[in-house]
$ cat work_22.csv   # CSV, C-alpha atoms
chain,number,residue,atom,x,y,z
A,1002,MET,CA,0.0,0.0,0.0
A,1003,SER,CA,1.3,3.5,-0.9
A,1004,ARG,CA,2.3,5.7,2.0
A,1005,LEU,CA,0.7,8.7,0.3
A,1006,PRO,CA,-2.6,8.6,2.2
A,1007,PHE,CA,-0.8,8.4,5.5
A,1008,LEU,CA,1.1,11.6,4.7
A,1009,PHE,CA,-2.1,13.5,4.2
A,1010,ILE,CA,-3.9,12.0,7.2
A,1011,LEU,CA,-1.0,12.6,9.6
A,1012,THR,CA,-0.6,16.2,8.4
A,1013,GLY,CA,-4.3,16.7,8.7
A,1014,ILE,CA,-4.2,15.4,12.3
A,1015,PHE,CA,-1.4,17.9,13.0
A,1016,GLY,CA,-3.4,20.7,11.4
A,1017,PHE,CA,-6.4,19.7,13.6
A,1018,VAL,CA,-4.3,19.9,16.8
A,1019,MET,CA,-2.8,23.2,15.7
A,1020,TYR,CA,-6.2,24.7,15.0
A,1021,HIS,CA,-7.5,23.8,18.4
A,1022,ALA,CA,-4.2,24.8,20.1
A,1023,PHE,CA,-4.5,28.3,18.6
A,1024,SER,CA,-8.2,28.4,19.5
A,1025,LEU,CA,-7.2,27.6,23.1
A,1026,LEU,CA,-4.6,30.4,23.1
A,1027,SER,CA,-7.3,32.9,22.1
A,1028,LEU,CA,-10.1,31.3,24.2
A,1029,THR,CA,-12.0,31.3,20.9
A,1030,GLY,CA,-12.1,35.1,21.1
A,1031,TRP,CA,-11.5,35.3,17.4
A,1032,LEU,CA,-15.1,34.2,16.8
A,1033,GLY,CA,-16.4,37.4,18.2
A,1034,ASP,CA,-14.2,39.6,16.0
A,1035,GLU,CA,-14.6,40.4,12.3
A,1036,LEU,CA,-14.0,37.1,10.6
A,1037,ARG,CA,-12.8,38.8,7.4
A,1038,GLY,CA,-9.6,39.9,9.0
A,1039,PRO,CA,-6.1,38.3,9.3
A,1040,GLU,CA,-7.0,36.3,12.5
A,1041,GLY,CA,-10.3,35.1,11.1
A,1042,TRP,CA,-8.7,34.1,7.8
A,1043,PHE,CA,-5.9,32.3,9.7
A,1044,HIS,CA,-8.2,30.2,11.7
A,1045,ALA,CA,-10.6,29.5,8.8
A,1046,HIS,CA,-7.9,28.4,6.4
A,1047,LEU,CA,-6.1,26.3,9.1
A,1048,PHE,CA,-9.4,24.5,9.8
A,1049,VAL,CA,-10.6,24.1,6.2
A,1050,LEU,CA,-7.3,23.5,4.4
A,1051,GLY,CA,-4.9,22.5,7.1
A,1052,TRP,CA,-7.2,20.0,8.8
A,1053,ALA,CA,-10.4,19.0,6.9
A,1054,THR,CA,-9.2,19.2,3.3
A,1055,MET,CA,-5.8,17.7,4.1
A,1056,LEU,CA,-7.4,14.6,5.8
A,1057,ALA,CA,-10.1,14.4,3.2
A,1058,MET,CA,-7.5,14.3,0.4
A,1059,GLY,CA,-5.7,11.4,2.1
A,1060,ALA,CA,-9.0,9.5,2.4
A,1061,VAL,CA,-9.7,10.1,-1.3
A,1062,TYR,CA,-6.4,8.7,-2.3
A,1063,GLN,CA,-7.1,5.5,-0.4
A,1064,LEU,CA,-10.9,5.2,-0.9
A,1065,ILE,CA,-10.7,5.8,-4.7
A,1066,HIS,CA,-8.6,2.6,-4.8
A,1067,VAL,CA,-11.3,0.7,-2.8
A,1068,ILE,CA,-14.1,2.1,-5.0
A,1069,LEU,CA,-12.5,1.5,-8.4
A,1070,GLN,CA,-10.4,-1.5,-7.5
A,1071,SER,CA,-7.6,0.1,-9.4
A,1072,ASN,CA,-4.6,2.3,-8.6
A,1073,ILE,CA,-4.5,6.0,-9.0
A,1074,TYR,CA,-3.1,7.4,-12.2
A,1075,SER,CA,0.2,8.7,-10.6
A,1076,VAL,CA,1.5,8.2,-7.1
A,1077,PHE,CA,4.4,10.5,-8.0
A,1078,LEU,CA,1.9,13.3,-8.9
A,1079,GLY,CA,0.3,12.6,-5.6
A,1080,TYR,CA,3.5,13.3,-3.7
A,1081,CYS,CA,4.0,16.5,-5.8
A,1082,HIS,CA,0.5,17.5,-4.8
A,1083,TYR,CA,1.3,16.9,-1.1
A,1084,PHE,CA,4.4,19.0,-1.1
A,1085,LEU,CA,3.0,21.9,-3.1
A,1086,PHE,CA,-0.2,22.0,-1.1
A,1087,THR,CA,1.6,21.8,2.2
A,1088,ILE,CA,4.1,24.5,1.3
A,1089,GLY,CA,1.3,26.6,0.0
A,1090,ILE,CA,-0.9,26.3,3.1
A,1091,THR,CA,2.0,26.9,5.5
A,1092,GLY,CA,3.0,30.0,3.6
A,1093,MET,CA,-0.6,31.3,3.5
A,1094,LEU,CA,-1.0,30.9,7.2
A,1095,TYR,CA,2.3,32.7,7.8
A,1096,GLY,CA,1.0,35.5,5.5
A,1097,PHE,CA,-2.2,35.8,7.4
A,1098,ILE,CA,-0.3,36.2,10.7
A,1099,ARG,CA,1.9,38.9,9.1
A,1100,ALA,CA,-1.1,40.4,7.2
A,1101,ASP,CA,1.2,40.4,4.1
A,1102,VAL,CA,-0.9,40.2,1.0
A,1103,HIS,CA,2.1,39.5,-1.3
A,1104,TRP,CA,3.1,36.6,0.8
A,1105,ILE,CA,-0.4,35.3,0.8
A,1106,ALA,CA,-0.7,35.6,-3.0
A,1107,GLY,CA,2.7,33.9,-3.6
A,1108,SER,CA,1.8,31.0,-1.2
A,1109,ALA,CA,-1.6,30.6,-2.7
A,1110,THR,CA,0.1,29.9,-6.0
A,1111,PHE,CA,1.7,26.8,-4.5
A,1112,ALA,CA,-1.5,25.7,-2.9
A,1113,LEU,CA,-3.4,26.1,-6.2
A,1114,LEU,CA,-0.7,24.1,-8.1
A,1115,GLY,CA,-1.2,21.3,-5.5
A,1116,ILE,CA,-5.0,21.4,-6.0
A,1117,LEU,CA,-4.6,21.3,-9.7
A,1118,SER,CA,-2.3,18.3,-9.4
A,1119,PHE,CA,-4.9,16.6,-7.3
A,1120,GLY,CA,-7.7,17.4,-9.7
A,1121,TRP,CA,-5.8,16.1,-12.7
A,1122,ASN,CA,-4.7,12.9,-10.9
A,1123,MET,CA,-8.3,12.2,-9.9
A,1124,ALA,CA,-9.7,13.1,-13.3
A,1125,VAL,CA,-7.4,10.8,-15.2
A,1126,THR,CA,-8.0,8.0,-12.6
A,1127,LEU,CA,-11.7,8.3,-12.8
A,1128,PHE,CA,-11.9,8.5,-16.6
A,1129,ARG,CA,-9.5,5.5,-17.0
A,1130,ALA,CA,-11.7,3.4,-14.8
A,1131,SER,CA,-15.0,4.5,-16.5
A,1132,GLN,CA,-17.1,3.3,-13.6
A,1133,TRP,CA,-19.7,6.1,-13.5
A,1134,ASN,CA,-22.2,5.9,-10.7
A,1135,PRO,CA,-23.3,8.3,-7.9
A,1136,VAL,CA,-20.2,7.6,-5.9
A,1137,THR,CA,-17.7,8.3,-8.6
A,1138,ILE,CA,-19.6,11.2,-10.1
A,1139,SER,CA,-19.9,12.8,-6.7
A,1140,ALA,CA,-16.1,12.4,-6.2
A,1141,ALA,CA,-15.5,14.0,-9.6
A,1142,CYS,CA,-17.8,16.9,-8.8
A,1143,ALA,CA,-16.2,17.4,-5.5
A,1144,CYS,CA,-12.7,17.6,-7.1
A,1145,LEU,CA,-14.0,20.0,-9.7
A,1146,TYR,CA,-15.5,22.3,-7.0
A,1147,LEU,CA,-12.2,22.2,-5.1
A,1148,VAL,CA,-10.3,23.3,-8.2
A,1149,LEU,CA,-12.8,26.1,-8.8
A,1150,THR,CA,-12.5,27.1,-5.2
A,1151,GLY,CA,-8.7,27.3,-5.5
A,1152,LEU,CA,-9.0,29.3,-8.7
A,1153,THR,CA,-11.4,31.9,-7.2
A,1154,GLY,CA,-9.2,32.0,-4.1
A,1155,MET,CA,-6.2,32.7,-6.3
A,1156,LEU,CA,-8.0,35.5,-8.1
A,1157,MET,CA,-8.9,37.1,-4.7
A,1158,GLY,CA,-5.2,36.8,-3.6
A,1159,LEU,CA,-4.1,38.5,-6.8
A,1160,ASN,CA,-6.7,41.2,-6.3
A,1161,PHE,CA,-5.4,41.8,-2.8
A,1162,ALA,CA,-1.9,42.2,-4.2
A,1163,PHE,CA,-2.6,44.3,-7.2
A,1164,GLY,CA,-6.2,45.7,-6.6
A,1165,ALA,CA,-7.3,45.1,-10.2
A,1166,TRP,CA,-10.9,43.9,-9.8
A,1167,ASN,CA,-12.3,45.6,-6.7
A,1168,GLY,CA,-15.8,45.4,-8.0
A,1169,LEU,CA,-15.6,41.6,-8.5
A,1170,HIS,CA,-13.9,40.8,-5.2
A,1171,GLU,CA,-17.1,40.5,-3.1
A,1172,ARG,CA,-18.8,38.3,-5.7
A,1173,LEU,CA,-15.8,36.0,-6.0
A,1174,PHE,CA,-15.6,35.8,-2.2
A,1175,GLY,CA,-19.2,34.5,-1.9
A,1176,ALA,CA,-18.7,32.0,-4.8
A,1177,HIS,CA,-15.4,30.9,-3.2
A,1178,ILE,CA,-17.0,30.1,0.1
A,1179,TRP,CA,-20.0,28.4,-1.4
A,1180,MET,CA,-18.1,26.1,-3.7
A,1181,GLY,CA,-15.5,25.3,-1.1
A,1182,THR,CA,-18.0,24.4,1.6
A,1183,LEU,CA,-21.1,23.0,-0.1
A,1184,GLY,CA,-19.4,21.8,-3.3
A,1185,TRP,CA,-16.1,20.2,-2.2
A,1186,PHE,CA,-17.1,18.9,1.3
A,1187,GLY,CA,-20.8,18.3,0.5
A,1188,MET,CA,-20.3,16.2,-2.6
A,1189,LEU,CA,-17.3,14.3,-1.1
A,1190,ILE,CA,-19.2,13.4,2.1
A,1191,THR,CA,-22.4,12.4,0.5
A,1192,GLY,CA,-20.7,10.4,-2.3
A,1193,PHE,CA,-18.3,8.5,-0.1
A,1194,SER,CA,-21.0,7.8,2.4
A,1195,TYR,CA,-22.8,5.7,-0.3
A,1196,LYS,CA,-19.8,3.4,-0.3
A,1197,MET,CA,-18.7,3.5,3.4
A,1198,LEU,CA,-22.0,3.2,5.2
A,1199,PRO,CA,-23.0,0.0,3.4
A,1200,MET,CA,-19.5,-1.3,3.9
A,1201,PHE,CA,-19.6,-0.8,7.7
A,1202,TYR,CA,-23.2,-1.8,8.1
A,1203,LEU,CA,-22.8,-4.8,5.7
A,1204,SER,CA,-25.8,-3.6,3.8
A,1205,HIS,CA,-26.9,-5.1,0.5
A,1206,ASP,CA,-29.8,-4.9,-2.1
A,1207,PHE,CA,-30.9,-1.3,-1.3
A,1208,SER,CA,-32.1,1.1,-3.9
A,1209,ILE,CA,-29.7,3.7,-5.2
A,1210,ARG,CA,-32.4,5.9,-6.8
A,1211,LEU,CA,-32.1,8.5,-4.1
A,1212,GLN,CA,-28.4,8.7,-4.6
A,1213,LYS,CA,-29.1,10.1,-8.1
A,1214,VAL,CA,-31.7,12.5,-6.7
A,1215,VAL,CA,-29.3,13.8,-4.1
A,1216,LEU,CA,-26.5,14.2,-6.7
A,1217,ILE,CA,-28.8,16.3,-9.0
A,1218,LEU,CA,-30.3,18.4,-6.2
A,1219,TRP,CA,-26.9,19.1,-4.4
A,1220,ASN,CA,-25.2,20.1,-7.6
A,1221,ALA,CA,-28.2,22.3,-8.5
A,1222,ALA,CA,-27.9,24.0,-5.1
A,1223,VAL,CA,-24.2,24.6,-5.5
A,1224,VAL,CA,-24.6,26.1,-9.1
A,1225,THR,CA,-27.6,28.2,-8.1
A,1226,GLY,CA,-25.7,29.6,-5.1
A,1227,VAL,CA,-22.6,30.4,-7.2
A,1228,ILE,CA,-24.8,32.2,-9.8
A,1229,ALA,CA,-26.5,34.1,-7.0
A,1230,PHE,CA,-23.2,35.5,-5.7
A,1231,LEU,CA,-21.5,36.1,-9.0
A,1232,THR,CA,-24.5,38.0,-10.5
A,1233,ARG,CA,-25.4,39.7,-7.2
A,1234,ILE,CA,-29.0,38.4,-7.6
A,1235,LYS,CA,-29.0,37.1,-4.0
A,1236,GLY,CA,-32.7,37.7,-3.3
A,1237,GLY,CA,-34.7,34.8,-4.6
A,1238,LEU,CA,-31.8,32.7,-6.0
A,1239,LEU,CA,-30.0,32.3,-2.6
A,1240,TRP,CA,-33.1,31.1,-0.9
A,1241,PHE,CA,-33.9,28.8,-3.8
A,1242,ALA,CA,-30.4,27.4,-3.5
A,1243,LEU,CA,-31.1,26.7,0.2
A,1244,LEU,CA,-34.4,25.1,-0.8
A,1245,LEU,CA,-32.5,22.7,-3.2
A,1246,LEU,CA,-29.9,21.9,-0.6
A,1247,THR,CA,-32.6,21.2,2.1
A,1248,ALA,CA,-34.4,18.9,-0.3
A,1249,ALA,CA,-31.1,17.1,-1.1
A,1250,LEU,CA,-30.4,16.7,2.6
A,1251,ILE,CA,-33.8,15.2,3.3
A,1252,CYS,CA,-33.3,12.7,0.5
A,1253,TYR,CA,-29.8,12.0,1.7
A,1254,VAL,CA,-30.9,11.3,5.3
A,1255,TYR,CA,-33.8,9.1,4.1
A,1256,HIS,CA,-31.4,7.2,2.0
A,1257,LEU,CA,-29.2,6.6,5.0
A,1258,GLU,CA,-32.2,5.0,6.6
A,1259,GLN,CA,-32.7,2.8,3.6
A,1260,ILE,CA,-29.1,1.6,3.9
A,1261,GLN,CA,-29.6,0.8,7.6
A,1262,GLU,CA,-32.8,-1.1,6.9
A,1263,LYS,CA,-30.8,-3.5,4.7
A,1264,ARG,CA,-27.9,-3.9,7.2
A,1265,HIS,CA,-26.5,-7.3,8.3
A,1266,LYS,CA,-24.5,-5.8,11.1
A,1267,SER,CA,-26.3,-4.2,14.0
A,1268,ASN,CA,-23.3,-2.3,15.4
A,1269,PRO,CA,-21.0,-0.6,12.8
A,1270,GLY,CA,-19.2,1.3,15.6
A,1271,PRO,CA,-20.0,4.6,17.4
A,1272,GLY,CA,-18.2,6.7,14.8
A,1273,ILE,CA,-20.4,5.5,12.0
A,1274,ARG,CA,-23.6,5.8,14.1
A,1275,TRP,CA,-22.7,9.4,14.9
A,1276,THR,CA,-22.3,10.3,11.3
A,1277,VAL,CA,-25.9,9.3,10.8
A,1278,TYR,CA,-27.1,11.3,13.8
A,1279,ILE,CA,-25.2,14.4,12.8
A,1280,SER,CA,-26.7,14.2,9.3
A,1281,ARG,CA,-30.2,14.1,10.7
A,1282,ALA,CA,-29.5,17.1,13.0
A,1283,PHE,CA,-28.0,19.1,10.0
A,1284,ALA,CA,-31.2,18.4,8.0
A,1285,VAL,CA,-33.3,19.7,10.8
A,1286,TYR,CA,-31.2,22.9,11.0
A,1287,ALA,CA,-31.4,23.4,7.2
A,1288,ILE,CA,-35.2,23.2,7.4
A,1289,ALA,CA,-35.3,25.8,10.2
A,1290,LEU,CA,-32.9,28.1,8.3
A,1291,LEU,CA,-35.1,27.7,5.2
A,1292,ILE,CA,-38.2,28.8,7.1
A,1293,TYR,CA,-36.3,31.7,8.7
A,1294,GLY,CA,-34.9,32.9,5.4
A,1295,ALA,CA,-38.4,32.8,3.9
A,1296,GLN,CA,-39.2,36.0,5.9
A,1297,GLY,CA,-36.5,37.8,3.9
A,1298,THR,CA,-33.4,36.6,2.1
A,1299,GLU,CA,-31.3,39.4,3.6
A,1300,LEU,CA,-31.7,37.6,6.9
A,1301,LEU,CA,-29.6,34.7,5.6
A,1302,LEU,CA,-26.6,37.1,5.0
A,1303,HIS,CA,-26.7,38.6,8.5
A,1304,PRO,CA,-23.2,38.2,10.0
A,1305,ARG,CA,-24.5,36.3,13.1
A,1306,VAL,CA,-26.6,33.9,10.9
A,1307,VAL,CA,-23.6,33.3,8.6
A,1308,LEU,CA,-21.3,32.6,11.6
A,1309,LEU,CA,-23.9,30.3,13.2
A,1310,THR,CA,-24.6,28.4,9.9
A,1311,GLY,CA,-20.8,28.2,9.2
A,1312,TRP,CA,-20.3,26.5,12.6
A,1313,VAL,CA,-23.2,24.1,12.2
A,1314,TYR,CA,-22.0,23.1,8.8
A,1315,LEU,CA,-18.2,23.1,9.1
A,1316,GLY,CA,-17.7,22.6,12.8
A,1317,GLY,CA,-20.7,20.3,13.1
A,1318,TRP,CA,-21.6,18.2,10.0
A,1319,VAL,CA,-18.3,18.3,8.1
A,1320,SER,CA,-15.9,18.0,11.1
A,1321,LEU,CA,-17.8,15.5,13.1
A,1322,THR,CA,-18.6,13.4,10.1
A,1323,VAL,CA,-14.9,13.3,9.1
A,1324,LEU,CA,-13.9,12.5,12.7
A,1325,GLY,CA,-16.5,9.7,12.8
A,1326,TYR,CA,-15.3,8.1,9.6
A,1327,ALA,CA,-11.7,8.6,10.8
A,1328,SER,CA,-12.3,6.3,13.7
A,1329,LYS,CA,-12.8,3.5,11.2
A,1330,ILE,CA,-10.7,4.5,8.3
A,1331,VAL,CA,-7.4,5.2,10.2
A,1332,PRO,CA,-7.4,1.8,12.1
A,1333,PHE,CA,-8.3,0.0,8.8
A,1334,LEU,CA,-5.5,1.6,6.8
A,1335,TRP,CA,-2.9,1.1,9.5
A,1336,TRP,CA,-3.9,-2.5,10.2
A,1337,THR,CA,-3.9,-3.3,6.5
A,1338,HIS,CA,-0.5,-1.7,6.1
A,1339,LYS,CA,1.1,-3.4,9.1
A,1340,TYR,CA,-0.7,-6.7,9.3
A,1341,GLY,CA,-2.6,-7.3,6.0
A,1342,LYS,CA,-0.2,-10.0,4.9
A,1343,LEU,CA,-0.2,-11.6,8.3
A,1344,ALA,CA,-4.0,-12.0,8.7
A,1345,GLY,CA,-5.0,-15.2,10.3
A,1346,ARG,CA,-1.6,-16.0,11.6
A,1347,PRO,CA,-1.1,-16.6,15.4
A,1348,GLY,CA,-0.3,-13.4,17.3
A,1349,THR,CA,-1.7,-11.1,14.6
A,1350,PRO,CA,-3.8,-8.4,16.4
A,1351,LEU,CA,-7.4,-8.0,15.4
A,1352,MET,CA,-8.5,-4.8,13.6
A,1353,ALA,CA,-11.2,-4.3,16.3
A,1354,GLY,CA,-8.5,-4.0,18.9
A,1355,MET,CA,-6.7,-1.1,17.2
A,1356,LEU,CA,-9.0,1.6,18.7
A,1357,SER,CA,-11.3,1.6,21.7
A,1358,GLU,CA,-14.9,2.1,20.6
A,1359,LYS,CA,-15.7,3.2,24.1
A,1360,LYS,CA,-13.3,6.1,23.8
A,1361,VAL,CA,-14.6,7.0,20.4
A,1362,LYS,CA,-18.2,7.0,21.7
A,1363,TRP,CA,-17.5,9.3,24.7
A,1364,GLY,CA,-15.1,11.5,22.7
A,1365,LEU,CA,-17.7,12.2,20.0
A,1366,LEU,CA,-20.4,12.7,22.6
A,1367,ALA,CA,-18.2,15.2,24.4
A,1368,MET,CA,-17.5,17.1,21.2
A,1369,VAL,CA,-21.1,17.2,20.3
A,1370,ASP,CA,-22.0,18.6,23.7
A,1371,ALA,CA,-19.2,21.2,23.5
A,1372,SER,CA,-20.3,22.2,20.0
A,1373,LEU,CA,-23.9,22.7,21.1
A,1374,LEU,CA,-22.7,25.0,23.9
A,1375,LEU,CA,-20.5,27.0,21.4
A,1376,VAL,CA,-23.3,27.2,18.9
A,1377,SER,CA,-25.7,28.4,21.7
A,1378,GLY,CA,-23.2,31.1,22.6
A,1379,ILE,CA,-23.2,32.3,18.9
A,1380,LEU,CA,-27.0,32.1,18.8
A,1381,ILE,CA,-27.5,34.3,21.8
A,1382,ASN,CA,-24.4,36.4,21.1
A,1383,LEU,CA,-22.8,35.8,24.5
A,1384,ALA,CA,-19.0,35.8,24.4
A,1385,GLU,CA,-18.7,34.0,27.8
A,1386,VAL,CA,-20.7,31.0,26.6
A,1387,MET,CA,-18.7,30.9,23.3
A,1388,MET,CA,-15.5,31.0,25.3
A,1389,VAL,CA,-16.5,28.1,27.6
A,1390,GLY,CA,-18.0,26.1,24.7
A,1391,GLY,CA,-15.0,26.7,22.4
A,1392,THR,CA,-12.5,25.9,25.1
A,1393,MET,CA,-14.2,22.7,26.0
A,1394,LEU,CA,-14.5,21.7,22.3
A,1395,SER,CA,-10.8,22.3,21.7
A,1396,LEU,CA,-9.8,20.3,24.8
A,1397,VAL,CA,-11.9,17.2,24.0
A,1398,SER,CA,-11.1,17.5,20.3
A,1399,ILE,CA,-7.3,17.2,21.0
A,1400,ALA,CA,-7.9,14.3,23.3
A,1401,TYR,CA,-10.1,12.6,20.6
A,1402,ILE,CA,-7.6,13.0,17.8
A,1403,ALA,CA,-4.7,12.0,20.0
A,1404,ASN,CA,-6.6,8.7,20.7
A,1405,ILE,CA,-6.9,8.1,16.9
A,1406,ALA,CA,-3.2,9.1,16.3
A,1407,LEU,CA,-2.1,6.5,18.9
A,1408,VAL,CA,-3.3,3.8,16.4
A,1409,PHE,CA,0.0,4.5,14.5
A,1410,ARG,CA,2.0,3.2,17.5
A,1411,ARG,CA,0.3,-0.2,17.4
$ encode --input "work_22.csv" --output "structure tokens"
Amino acid sequence: MSRLPFLFILTGIFGFVMYHAFSLLSLTGWLGDELRGPEGWFHAHLFVLGWATMLAMGAVYQLIHVILQSNIYSVFLGYCHYFLFTIGITGMLYGFIRADVHWIAGSATFALLGILSFGWNMAVTLFRASQWNPVTISAACACLYLVLTGLTGMLMGLNFAFGAWNGLHERLFGAHIWMGTLGWFGMLITGFSYKMLPMFYLSHDFSIRLQKVVLILWNAAVVTGVIAFLTRIKGGLLWFALLLLTAALICYVYHLEQIQEKRHKSNPGPGIRWTVYISRAFAVYAIALLIYGAQGTELLLHPRVVLLTGWVYLGGWVSLTVLGYASKIVPFLWWTHKYGKLAGRPGTPLMAGMLSEKKVKWGLLAMVDASLLLVSGILINLAEVMMVGGTMLSLVSIAYIANIALVFRR
């Protein structure tokens, strides 16, 4: 097995620890400040790129092999991607700390080259395999949105450095956020869930019709939102994009129920169960937000609503889903790497013994509780509650990821 996925996963774990360490140092005070400033950009990019995207890329490199039953197009290109992307992110974070737009723009070039390398590697791999289904199409769409997110981010970086398209900057910013969050993470999580949940539940003979519906609705939501931001027609279009996304989420959650109904394994592990619970909760929030936004689309763009929704989506659904899957993926990858050829021999440890399910269960529960406290603080706009909730979240998150990282010592 290639060591490439491990590079991304270990670097993602390091980024996760760094994000929460910096959050502890500020006692999550940066949340109460203007997010569109150096400190807000630093924390946002460390979370989205240094942690979630880094680990997700590692999972893609491994899971695409499982899905297609074939190797990726170029392992060498994968290593080039890793070094370019890592150098780019590190430089960008340093640039945010120094508030140096030229440093940010230069480093963003390396990050973009890494993303383009990743996109090309995945595109050639998928087209060579020619196995087109909701899983592979979702993966392809996710990679496309990541590339487009990188390109819009690069354009904004160039604009910061040279100030050439001031009138276009705000529109690019909205499209950049929309594609990077809903496009990249949304399509990746939904698409890979169609493969991973049946695998961990041992589910068979379920209908995949709703997978196609979710794929169409989710893509329509992403495209509609991008058009709304780029054309500044945010009124009806943005709410309609939210309507499409909510419909996609309802179908997605219902499909997860269909997968569970056909299961042959009652306990897939606490990490997998929590991914289902969190998806249900996110669907409920989306419905509530849709009803709230029906009173006036401008309400959806209020800074407090944007911050709250960002945390529910990224800090809640995306992060906790990734952490839930990581509790299964990391032990599986490491056990296969270390003991795959020794399976069945005396003295070979069992995969189930690589990570304590009890610790996973209580760790995820603690993170959910802390996240709810933090979100409550944002909702009522009380800094003290945000500080306590954010501090608790960072502490339990570091403990959780350390428990997963210890798998590599076994």
$ atom_distance --input "work_22.csv" --atom1 "CA of Phe1111 (chain A)" --atom2 "CA of Phe1086 (chain A)"
6.2 Å
$ residues_around --input "work_22.csv" --residues "region 1358-1369 of chain A" --least-positions-apart "5" --cutoff "12 Å" --atoms "only C-alpha atoms" --output "VMD selection string"
chain A and resid 1268 to 1276 1278 to 1279 1282 1313 1316 to 1318 1320 to 1329 1332 1352 to 1353 1374 to 1376 1390 to 1405
$ closest_atom_pairs --input "work_22.csv" --of "region 1101-1219 of chain A" --to "region 1245-1265 of chain A" --cutoff "8 Å" --atoms "all atoms listed in the file" --output "tab-separated table"
residue	atom	partner	partner_atom	distance
A:Thr1191	CA	A:Tyr1253	CA	7.5
A:Leu1198	CA	A:Ile1260	CA	7.4
A:Pro1199	CA	A:Ile1260	CA	6.3
A:Tyr1202	CA	A:Arg1264	CA	5.2
A:Leu1203	CA	A:His1265	CA	5.2
A:Ser1204	CA	A:Arg1264	CA	4.0
A:His1205	CA	A:Lys1263	CA	6.0
A:Asp1206	CA	A:Lys1263	CA	7.0
A:Phe1207	CA	A:Ile1260	CA	6.2
A:Ser1208	CA	A:Gln1259	CA	7.7
A:Leu1211	CA	A:His1256	CA	6.3
A:Gln1212	CA	A:Tyr1253	CA	7.2
A:Val1214	CA	A:Ala1249	CA	7.3
A:Val1215	CA	A:Ala1249	CA	4.8
A:Leu1216	CA	A:Ala1249	CA	7.8
A:Leu1218	CA	A:Ala1249	CA	5.3
A:Trp1219	CA	A:Leu1246	CA	5.6
$ atom_distance --input "work_22.csv" --atom1 "CA of Asn1134 (chain A)" --atom2 "CA of Gln1070 (chain A)"
14.3 Å
$ closest_residue --input "work_22.csv" --among "A:Val1067, A:Leu1334, A:Val1408, A:Ala1289" --to "Met1355 (chain A)" --atoms "only C-alpha atoms"
A:Val1408
$ residues_around --input "work_22.csv" --residues "region 1117-1125 of chain A" --least-positions-apart "4" --cutoff "7 Å" --atoms "only C-alpha atoms" --output "ChimeraX atom specification"
/A:1074-1075,1078-1079,1082,1113,1129,1141,1144-1145,1148
$ atom_distance --input "work_22.csv" --atom1 "CA of Gly1158 (chain A)" --atom2 "CA of Ile1098 (chain A)"
15.1 Å
